[in-house]
Protein chains: 2
Amino acid sequence: MILTYAEENYLKAIFQLSEEGKKGVSTNDVSGEMKTKPASVSDMLRKLGEKGVIEYRKYYGVHITEEGKKLALQTIRKHRLWEVFLVEKLKFSWDEVDEVAHELEHVKSRLLIQRLDEYLGYPKFDPHGDPIPDEYGDVRARPRLPINELQVNETGQIVAVKDSSAAFLRYLDKVGAYIGARIKILEKVEFDGSVEILVDNKKSLFMSKEVAANILVMQ
Amino acid sequence: MILTYAEENYLKAIFQLSEEGKKGVSTNDVSGEMKTKPASVSDMLRKLGEKGVIEYRKYYGVHITEEGKKLALQTIRKHRLWEVFLVEKLKFSWDEVDEVAHELEHVKSRLLIQRLDEYLGYPKFDPHGDPIPDEYGDVRARPRLPINELQVNETGQIVAVKDSSAAFLRYLDKVGAYIGARIKILEKVEFDGSVEILVDNKKSLFMSKEVAANILVMQ
DNA sequence: AACTTTTTTTAGTTTCGGCTAAACCTTGTA
DNA sequence: TACAAGGTTTAGCCGAAACTAAAAAAAGTT
């Protein structure tokens with residue numbers, strides 16, 4: 001199945017939304033994600049339905065099909081490989097990569113992606129800690145949980161963030177948290193859920209529950 | 001001036017055609033280069049004219065303006081930097097890069113190109129030996145001439161090819177000629193203009209005038 | 001159950017970049 | 001100079017992907 005540039009973007013958004021909630025995805029959900037009007041989304045859903053990459057029941061949202069999942073994962077794979085390239089080779093920072101990777105992910109060349117993967121040393125995770133699907137769409141996710149679910153004295157390694165908005169990433173950079181940092185919970189404030197953590201055994205850092213819930217660690 | 005993807009392609013083609021002949025470029029010329037119908041070209045020329053990147057006089061072809069030249073050179077710069085990346089880092093061969101670079105060249109990010117340039121070590125020439133314009137569109141071309149204009153016993157270094165079709169590049173690869181190879185003219189056949197050359201002081205190679213005229217050397 | 005609000009779809013436009021068919025210039029030749 | 005041939009433009013159409021406005025369906029509320 002060959003998708004246009006726009007269709008590819010919609011499908012990726014639908015896939016990601018359906019991963020979040022494990023439920024059907026509504027027209028409005030997609031509209032919000034894609035920053036297009038609901039009317040435009042309806043049209044696109046009809047088209048994607050006709051192409052068989054989603055199941056579309058009018059007024060009841062969509063479910064992605066197996067074929068659609070495969071295709072979306074291909075796009076995600078490309079996106080994340082380019083992110084690794086931008087950060088590791090071209091010295092982009094976390095918060096600069098998404099926009100550029102979003103354009104690069106649509107370049108159509110199987111060979112290009114194979115060679116890029118090889119060149120980068122077959123990375124398994126992107127700079128935000130998200131797993132990179134293999135050529136066949138298989139993903140090996142690591143078990144991860146948000147910092148606010150750790151107990152005092154528990155340790156972990158930061159592997160991903162939920163909210164990867166540029167603003168949040170810049171904040172993390174500023175306070176010295178980064179993917180790969182080893183942390184330990186020093187204290188949890190019952191009242192508001194805020195936590196104090198130790199980063200890399202040297203720097204202590206205080207964060208609100210909201211921030212803590214956005215940072216995922218692997219133990 | 002912001003150009004669409006298609007406009008960028010047309011402008012680049014017009015620039016390259018006008019470099020070849022040093023004359024005005026006709027609608028049919030562009031049509032041939034872009035593989036679109038002349039009617040579509042007329043339309044596009046009108047639009048590019050309105051945007052001020054070319055001077056368009058109906059029925060008399062186009063001349064590129066200074067602004068247009070700048071923009072076209074930006075695109076060419078991106079294309080050639082990506083070609084270097086594909087060949088040097090991802091181990092693509094000459095004849096595979098053009099199509100992929102053609103897609104990559106449209107990715108819009110000033111930072112990306114700056115960083116790529118830096119990462120590649122500020123290359124001055126692409127894998128076909130064509131010069132890479134700098135950020136401001138300045139090109140330092142080297143004086144070069146086709147092999148068939150060399151005399152017997154003259155030497156040179158292959159720096160570029162005129163016809164960079166995949167077929168021709170594969171042919172060169174096969175016979176062992178490559179960008180950077182040092183050559184010496186062993187013999188010229190008056191009758192048909194064919195030549196025999198020595199490659200890298202070890203391999204003798206016989207080529208027709210047509211082939212010789214397509215290979216450019218620097219002395 | 002009826003009505004209001006929200007969500008979603010349909011219908012009709014717009015812009016972009018292609019196309020064909022037909023009209024229109026320019027040019028070369030008799 | 002007249003006219004044929006070839007190159008170029010215009011007019012009109014199409015598909016993609018966005019939009020707005022209005023209609024329709026679903027969900028929530030009294």
# chains A, B, ... in the order shown; residues from 1 in each chain; ligands from 1
$ interface_residues --of "chain D" --to "chain A" --cutoff "8 Å" --atoms "only C-alpha atoms (C1' of nucleotides)" --output "PDB file with N, CA and C atoms (P, O5', C5', C4', C3', O3' and C1' of nucleotides), in the first residue's frame"
ATOM      1  P    DA D  17      -3.166  13.752   0.052  1.00  0.00           P
ATOM      2  O5'  DA D  17      -3.542  15.124   0.752  1.00  0.00           O
ATOM      3  C5'  DA D  17      -2.641  16.209   0.654  1.00  0.00           C
ATOM      4  C4'  DA D  17      -3.311  17.456   1.192  1.00  0.00           C
ATOM      5  C3'  DA D  17      -4.000  17.261   2.547  1.00  0.00           C
ATOM      6  O3'  DA D  17      -3.583  18.288   3.420  1.00  0.00           O
ATOM      7  C1'  DA D  17      -5.429  18.331   1.034  1.00  0.00           C
ATOM      8  P    DA D  18      -3.832  18.049   4.990  1.00  0.00           P
ATOM      9  O5'  DA D  18      -4.923  19.160   5.344  1.00  0.00           O
ATOM     10  C5'  DA D  18      -4.561  20.419   5.827  1.00  0.00           C
ATOM     11  C4'  DA D  18      -5.259  21.536   5.070  1.00  0.00           C
ATOM     12  C3'  DA D  18      -6.558  22.073   5.688  1.00  0.00           C
ATOM     13  O3'  DA D  18      -6.285  22.882   6.798  1.00  0.00           O
ATOM     14  C1'  DA D  18      -6.702  22.041   3.326  1.00  0.00           C
ATOM     15  P    DC D  19      -7.295  23.035   7.953  1.00  0.00           P
ATOM     16  O5'  DC D  19      -8.352  24.127   7.426  1.00  0.00           O
ATOM     17  C5'  DC D  19      -7.884  25.348   6.860  1.00  0.00           C
ATOM     18  C4'  DC D  19      -9.018  26.016   6.110  1.00  0.00           C
ATOM     19  C3'  DC D  19     -10.316  26.106   6.898  1.00  0.00           C
ATOM     20  O3'  DC D  19     -10.390  27.343   7.563  1.00  0.00           O
ATOM     21  C1'  DC D  19     -10.733  25.313   4.675  1.00  0.00           C
ATOM     22  P    DA D  25     -28.666  11.609  10.358  1.00  0.00           P
ATOM     23  O5'  DA D  25     -27.821  11.030  11.583  1.00  0.00           O
ATOM     24  C5'  DA D  25     -26.434  10.786  11.389  1.00  0.00           C
ATOM     25  C4'  DA D  25     -25.742  10.861  12.731  1.00  0.00           C
ATOM     26  C3'  DA D  25     -26.414  10.033  13.817  1.00  0.00           C
ATOM     27  O3'  DA D  25     -25.459   9.104  14.259  1.00  0.00           O
ATOM     28  C1'  DA D  25     -25.881  12.217  14.602  1.00  0.00           C
ATOM     29  P    DA D  26     -25.750   8.007  15.364  1.00  0.00           P
ATOM     30  O5'  DA D  26     -25.144   8.697  16.675  1.00  0.00           O
ATOM     31  C5'  DA D  26     -23.783   9.154  16.618  1.00  0.00           C
ATOM     32  C4'  DA D  26     -23.370   9.706  17.965  1.00  0.00           C
ATOM     33  C3'  DA D  26     -23.801   8.883  19.166  1.00  0.00           C
ATOM     34  O3'  DA D  26     -22.645   8.762  19.981  1.00  0.00           O
ATOM     35  C1'  DA D  26     -24.553  11.127  19.389  1.00  0.00           C
TER      36       DA D  26
END
$ interface_residues --of "chain A" --to "chain B" --cutoff "10 Å" --atoms "only C-alpha atoms" --output "PyMOL selection string"
chain A and resi 86+89-92+96-97+99-104+106-109+111-120
$ write_last_selection --atoms "N, CA and C atoms" --output "PDB file, in the first residue's frame"
ATOM      1  N   LEU A  86      20.582  13.013  14.048  1.00  0.00           N
ATOM      2  CA  LEU A  86      20.681  14.452  14.307  1.00  0.00           C
ATOM      3  C   LEU A  86      21.376  14.733  15.636  1.00  0.00           C
ATOM      4  N   LYS A  89      25.228  12.598  15.567  1.00  0.00           N
ATOM      5  CA  LYS A  89      26.210  13.002  14.567  1.00  0.00           C
ATOM      6  C   LYS A  89      26.225  14.505  14.336  1.00  0.00           C
ATOM      7  N   LEU A  90      25.045  15.110  14.278  1.00  0.00           N
ATOM      8  CA  LEU A  90      25.026  16.535  13.954  1.00  0.00           C
ATOM      9  C   LEU A  90      24.887  17.425  15.187  1.00  0.00           C
ATOM     10  N   LYS A  91      24.942  16.841  16.367  1.00  0.00           N
ATOM     11  CA  LYS A  91      24.959  17.618  17.607  1.00  0.00           C
ATOM     12  C   LYS A  91      23.737  18.503  17.821  1.00  0.00           C
ATOM     13  N   PHE A  92      22.602  18.034  17.343  1.00  0.00           N
ATOM     14  CA  PHE A  92      21.367  18.730  17.671  1.00  0.00           C
ATOM     15  C   PHE A  92      21.044  18.421  19.129  1.00  0.00           C
ATOM     16  N   GLU A  96      15.446  20.159  19.407  1.00  0.00           N
ATOM     17  CA  GLU A  96      15.499  20.684  18.046  1.00  0.00           C
ATOM     18  C   GLU A  96      15.196  19.627  17.005  1.00  0.00           C
ATOM     19  N   VAL A  97      15.220  18.364  17.419  1.00  0.00           N
ATOM     20  CA  VAL A  97      15.206  17.306  16.409  1.00  0.00           C
ATOM     21  C   VAL A  97      13.844  16.990  15.805  1.00  0.00           C
ATOM     22  N   GLU A  99      11.114  18.489  14.654  1.00  0.00           N
ATOM     23  CA  GLU A  99      10.635  19.131  13.432  1.00  0.00           C
ATOM     24  C   GLU A  99      11.409  18.638  12.201  1.00  0.00           C
ATOM     25  N   VAL A 100      12.706  18.611  12.324  1.00  0.00           N
ATOM     26  CA  VAL A 100      13.530  18.201  11.193  1.00  0.00           C
ATOM     27  C   VAL A 100      13.329  16.710  10.885  1.00  0.00           C
ATOM     28  N   ALA A 101      13.295  15.899  11.940  1.00  0.00           N
ATOM     29  CA  ALA A 101      13.093  14.463  11.732  1.00  0.00           C
ATOM     30  C   ALA A 101      11.744  14.209  11.066  1.00  0.00           C
ATOM     31  N   HIS A 102      10.782  15.069  11.380  1.00  0.00           N
ATOM     32  CA  HIS A 102       9.457  14.925  10.786  1.00  0.00           C
ATOM     33  C   HIS A 102       9.507  15.096   9.275  1.00  0.00           C
ATOM     34  N   GLU A 103      10.392  15.930   8.796  1.00  0.00           N
ATOM     35  CA  GLU A 103      10.531  16.070   7.343  1.00  0.00           C
ATOM     36  C   GLU A 103      11.340  14.921   6.768  1.00  0.00           C
ATOM     37  N   LEU A 104      12.412  14.581   7.453  1.00  0.00           N
ATOM     38  CA  LEU A 104      13.300  13.537   6.946  1.00  0.00           C
ATOM     39  C   LEU A 104      12.604  12.176   6.864  1.00  0.00           C
ATOM     40  N   HIS A 106       9.980  11.259   5.732  1.00  0.00           N
ATOM     41  CA  HIS A 106       9.181  10.963   4.541  1.00  0.00           C
ATOM     42  C   HIS A 106      10.018  10.665   3.296  1.00  0.00           C
ATOM     43  N   VAL A 107      11.307  10.762   3.414  1.00  0.00           N
ATOM     44  CA  VAL A 107      12.164  10.448   2.267  1.00  0.00           C
ATOM     45  C   VAL A 107      12.041   8.963   1.967  1.00  0.00           C
ATOM     46  N   LYS A 108      11.721   8.669   0.725  1.00  0.00           N
ATOM     47  CA  LYS A 108      11.411   7.300   0.352  1.00  0.00           C
ATOM     48  C   LYS A 108      12.624   6.590  -0.228  1.00  0.00           C
ATOM     49  N   SER A 109      13.276   5.771   0.556  1.00  0.00           N
ATOM     50  CA  SER A 109      14.354   4.941   0.044  1.00  0.00           C
ATOM     51  C   SER A 109      14.675   3.900   1.099  1.00  0.00           C
ATOM     52  N   LEU A 111      16.915   1.622   0.915  1.00  0.00           N
ATOM     53  CA  LEU A 111      18.363   1.530   1.075  1.00  0.00           C
ATOM     54  C   LEU A 111      18.877   2.588   2.042  1.00  0.00           C
ATOM     55  N   LEU A 112      18.334   3.791   1.899  1.00  0.00           N
ATOM     56  CA  LEU A 112      18.770   4.891   2.762  1.00  0.00           C
ATOM     57  C   LEU A 112      18.610   4.528   4.231  1.00  0.00           C
ATOM     58  N   ILE A 113      17.451   3.999   4.585  1.00  0.00           N
ATOM     59  CA  ILE A 113      17.185   3.695   5.986  1.00  0.00           C
ATOM     60  C   ILE A 113      18.042   2.529   6.475  1.00  0.00           C
ATOM     61  N   GLN A 114      18.207   1.535   5.608  1.00  0.00           N
ATOM     62  CA  GLN A 114      19.083   0.414   5.979  1.00  0.00           C
ATOM     63  C   GLN A 114      20.494   0.892   6.281  1.00  0.00           C
ATOM     64  N   ARG A 115      21.009   1.734   5.383  1.00  0.00           N
ATOM     65  CA  ARG A 115      22.381   2.216   5.542  1.00  0.00           C
ATOM     66  C   ARG A 115      22.510   3.148   6.739  1.00  0.00           C
ATOM     67  N   LEU A 116      21.489   3.957   6.938  1.00  0.00           N
ATOM     68  CA  LEU A 116      21.516   4.872   8.081  1.00  0.00           C
ATOM     69  C   LEU A 116      21.559   4.075   9.377  1.00  0.00           C
ATOM     70  N   ASP A 117      20.712   3.057   9.444  1.00  0.00           N
ATOM     71  CA  ASP A 117      20.644   2.186  10.615  1.00  0.00           C
ATOM     72  C   ASP A 117      22.021   1.582  10.889  1.00  0.00           C
ATOM     73  N   GLU A 118      22.620   1.073   9.835  1.00  0.00           N
ATOM     74  CA  GLU A 118      23.947   0.462   9.942  1.00  0.00           C
ATOM     75  C   GLU A 118      24.971   1.489  10.419  1.00  0.00           C
ATOM     76  N   TYR A 119      24.917   2.665   9.791  1.00  0.00           N
ATOM     77  CA  TYR A 119      25.871   3.728  10.102  1.00  0.00           C
ATOM     78  C   TYR A 119      25.787   4.147  11.571  1.00  0.00           C
ATOM     79  N   LEU A 120      24.572   4.108  12.100  1.00  0.00           N
ATOM     80  CA  LEU A 120      24.369   4.538  13.486  1.00  0.00           C
ATOM     81  C   LEU A 120      24.639   3.405  14.477  1.00  0.00           C
TER      82      LEU A 120
END
$ residues_around --residues "C:DA1" --least-positions-apart "2" --cutoff "12 Å" --atoms "only C-alpha atoms (C1' of nucleotides)" --output "PDB file with C-alpha atoms (C1' of nucleotides), in the first residue's frame"
ATOM      1  C1'  DC C   3     -34.208  19.232  24.381  1.00  0.00           C
TER       2       DC C   3
ATOM      3  C1'  DT D  29     -29.108  16.985  30.971  1.00  0.00           C
ATOM      4  C1'  DT D  30     -33.187  18.281  32.903  1.00  0.00           C
TER       5       DT D  30
END
$ select_by_dssp --residues "stretch 4-136 of chain B" --states "helix (DSSP H, G or I)" --output "PyMOL selection string"
chain B and resi 5-21+27-34+38-50+66-89+94-104+110-119
$ atom_distance --atom1 "atom CA of B:Leu145" --atom2 "atom CA of B:Glu20"
14.3 Å
$ residues_around --residues "A:Val189" --least-positions-apart "3" --cutoff "12 Å" --atoms "only C-alpha atoms (C1' of nucleotides)" --output "list of chain:residue names"
A:Asn148, A:Gln151, A:Val152, A:Ile185, A:Leu186, A:Asp192, A:Gly193, A:Ser194, A:Val195, A:Glu196, A:Ile197, A:Phe206, A:Met207, A:Ser208, A:Lys209
$ closest_atom_pairs --of "chain C" --to "chain B" --cutoff "10 Å" --atoms "only C-alpha atoms (C1' of nucleotides)" --output "CSV"
residue,atom,partner,partner_atom,distance
C:DC16,C1',B:Thr4,CA,9.1
C:DG17,C1',B:Ala6,CA,7.7
C:DG18,C1',B:Ser40,CA,6.9
C:DC19,C1',B:Ser40,CA,8.0
C:DT20,C1',B:Ala39,CA,9.4
C:DC25,C1',B:Tyr59,CA,7.3
C:DT26,C1',B:Tyr59,CA,8.1
$ write_last_selection --atoms "C-alpha atoms (C1' of nucleotides)" --output "short mmCIF file (atom, residue, chain, number, x, y, z; two decimals), in the first residue's frame"
data_model
loop_
_atom_site.label_atom_id
_atom_site.label_comp_id
_atom_site.auth_asym_id
_atom_site.auth_seq_id
_atom_site.Cartn_x
_atom_site.Cartn_y
_atom_site.Cartn_z
"C1'" DC C 16 -1.26 23.64 -5.99
"C1'" DG C 17 0.57 21.13 -9.63
"C1'" DG C 18 -0.34 18.20 -12.88
"C1'" DC C 19 -3.03 16.98 -17.43
"C1'" DT C 20 -5.45 17.45 -22.54
"C1'" DC C 25 2.41 33.05 -31.84
"C1'" DT C 26 7.05 32.61 -34.27
#
$ residues_around --residues "A:Met218" --least-positions-apart "6" --cutoff "8 Å" --atoms "only C-alpha atoms (C1' of nucleotides)" --output "list in words"
Arg142, Pro143, Arg144, Leu145, Gly156, Gln157, Ile158 and Val159 of chain A
$ residues_around --residues "D:DG28" --least-positions-apart "3" --cutoff "9 Å" --atoms "only C-alpha atoms (C1' of nucleotides)" --output "list of chain:residue names"
C:DT4, C:DT5, C:DT6
$ write_last_selection --atoms "N, CA and C atoms (P, O5', C5', C4', C3', O3' and C1' of nucleotides)" --output "CSV table (one decimal), in the first residue's frame"
chain,number,residue,atom,x,y,z
C,4,DT,P,-34.1,23.4,23.7
C,4,DT,O5',-32.5,23.5,24.2
C,4,DT,C5',-32.2,23.2,25.6
C,4,DT,C4',-30.8,22.7,25.6
C,4,DT,C3',-29.8,23.5,24.7
C,4,DT,O3',-28.7,23.8,25.5
C,4,DT,C1',-29.6,21.2,24.3
C,5,DT,P,-27.6,24.8,25.1
C,5,DT,O5',-26.3,23.9,25.0
C,5,DT,C5',-26.0,22.9,26.0
C,5,DT,C4',-25.0,21.9,25.5
C,5,DT,C3',-23.9,22.6,24.6
C,5,DT,O3',-22.7,22.1,25.2
C,5,DT,C1',-24.8,20.7,23.5
C,6,DT,P,-21.3,22.6,24.8
C,6,DT,O5',-20.7,21.3,24.0
C,6,DT,C5',-20.8,20.0,24.7
C,6,DT,C4',-20.5,19.0,23.7
C,6,DT,C3',-19.3,19.3,22.8
C,6,DT,O3',-18.3,18.3,22.9
C,6,DT,C1',-21.1,18.6,21.4
$ residues_around --residues "A:Ser42" --least-positions-apart "5" --cutoff "8 Å" --atoms "only C-alpha atoms (C1' of nucleotides)" --output "list of chain:residue names"
A:Thr27, C:DT8, C:DT9
$ atom_distance --atom1 "atom CA of A:Asp130" --atom2 "atom CA of A:Asp98"
12.8 Å
